[in-house]
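Visitor: This is the structure, below, for whatever I ask next.
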Amino acid sequence: MDPFTTELKARIIESLRLEDTTPEQIDDDAPLFGEGLGLDSIDALELVAMLENQYHVVIKDLEVGRPAFQSVRALAAFIQAKRAS
Amino acid sequence: MDNLIIAAASRVSEADLPMARLGKRFGRLDLASQLVLLAVEMLGIDFDTQRRDRVGICLAARAGSLATDLEFWRGRDAVGGPSPTLFAYTLPSMAIGEIAIRHRLTGPNLCVVGSDVVLAGAVDWLRRGEAEACVCVACEVVTPALAGLIGVPPVATAAAVYVQRGGVGLRVWEENDRDIASLCAVLCGHNGRN
């Protein structure tokens, strides 16, 4: 597992206070919302805040950011693309 | 009509929370919601045997959401501001939503801040036939930070009773059963459940 993805998973677990969950238990390609990690709309706001605080990536419109929230892999790619631009 | 029966009772405190295993999202909840959910869990009711649209929820939030309000307010000084999740829990009625989601209950609901009068509301629903049963919870959370501000001792407890029309249970509901916490103190043993 690449270090950035592992770090991202750890930050997701910490910011969303996911109990009894480790980075290894989160599938890179599993959906973050609904099935998979089972996140909801409140978690989405917490994720947006975490991205801004930890990675200085700003998502002003959740609809625009929706593709990034498909999975951890998609979110990691989104962050890295934003940082590179 | 049928007697109103107190089918189960429970009471929990903050000390019970570390042992609670109520799913990976439990850690997201504020302290009041955690206590309320645990108290309902401790009732031991199998909601699969109930008509979920006929089960009401009553919550007496004695201190409202003041403890979470204060935590949110103090979060203004944190990097990036207060947690968006915490904002949701600045609604005193949020714990009702958590109960409804966890147990998929869609009956009537009522939240009262600052008192313990919700049991009367549940009795009204049951007598009028608007519900067959009702989860009634009284919660009081005064964190040490809040206690210092308002000059009362810290407390973090929740007490719950399950009242239903007819059937069997702990005992028949009586007219002077108004205070959930007092009722639970009488009905519950040392393990907090009866």
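In the structure tokens, chains take letters A, B, ... by order of appearance, with residues numbered from 1 within each chain and ligands from 1 in the order shown.
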Please identify every residue of chain B that has at least one atom no more than 6 Å from any atom of chain A, counting only C-alpha atoms, and report them as an MDAnalysis selection string.

Guide: chainID B and resid 24:25 27:28 80 84:85

Visitor: List as a PyMOL selection string the protein and nucleic acid residues near stretch 65-81 of chain A, meaning an atom at most 7 Å away when only C-alpha atoms are counted, but skip any in the same chain fewer than 5 places from it.

Guide: chain A and resi 5+28-32+57+59

Visitor: Pick out the residues sitting within 8 Å of stretch 165-172 of chain B, and hand them over as a list in words; count only C-alpha atoms, and ignore anything fewer than 6 positions along from it in its own chain.

Guide: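 So, after excluding close chain neighbours, the residues are Asp2, Asn3, Leu4, Ile5, Ile6, Ala7, Ala8, Leu126, Glu132, Ala133, Leu187 and Asn194 of chain B.
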
Visitor: For the selection you just gave me, I'd like the residues written to a file as a PDB file, in the first residue's frame, keeping C-alpha atoms.

Guide:
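What landed in out19.pdb:
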ATOM      1  CA  ASP B   2     -55.144  -2.170  28.014  1.00  0.00           C
ATOM      2  CA  ASN B   3     -52.979  -1.233  30.940  1.00  0.00           C
ATOM      3  CA  LEU B   4     -49.804   0.615  30.098  1.00  0.00           C
ATOM      4  CA  ILE B   5     -46.896  -1.632  30.951  1.00  0.00           C
ATOM      5  CA  ILE B   6     -43.323  -0.671  31.728  1.00  0.00           C
ATOM      6  CA  ALA B   7     -41.683  -3.495  29.826  1.00  0.00           C
ATOM      7  CA  ALA B   8     -38.023  -2.645  30.505  1.00  0.00           C
ATOM      8  CA  LEU B 126     -50.405   5.237  23.879  1.00  0.00           C
ATOM      9  CA  GLU B 132     -48.268   0.891  20.567  1.00  0.00           C
ATOM     10  CA  ALA B 133     -45.054   1.399  22.505  1.00  0.00           C
ATOM     11  CA  LEU B 187     -36.705  -0.492  38.793  1.00  0.00           C
ATOM     12  CA  ASN B 194     -34.190  -4.632  34.504  1.00  0.00           C
TER      13      ASN B 194
END

Visitor: Calculate how many Å separate atom CA of B:Ala147 from atom CA of B:Ala32, rounding to one decimal.

Guide: 15.1 Å

Visitor: What is the atom CA of B:Asp124-atom CA of B:Leu59 distance in Å, reported with one decimal?

Guide: 14.6 Å

Visitor: Do a neighbour search on stretch 70-79 of chain B at 8 Å with only C-alpha atoms, toss out local chain neighbours closer than 5 positions, and write the hits as a list in words.

Guide: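 Close residues of stretch 70-79 of chain B: Asn53 of chain A; Leu86, Phe87, Thr90 and Leu146 of chain B.
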
Visitor: Using only C-alpha atoms, which of the listed residues (B:Arg104, B:Arg21, B:Arg11, B:Arg54) sits closest to B:Leu35?

Guide: B:Arg11

Visitor: From the set B:Thr106, B:Thr157, B:Ser65, B:Ser10, which residue has the shortest atom-to-atom contact distance to B:Asp53, counting only C-alpha atoms?

Guide: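 Using only C-alpha atoms, the shortest distance to B:Asp53 belongs to B:Thr106.
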
Visitor: Please return as a PyMOL selection string: the residues of chain A that backbone DSSP assigns to helix (DSSP H, G or I).

Guide: chain A and resi 3-16+23-25+41-55+62-69+72-84
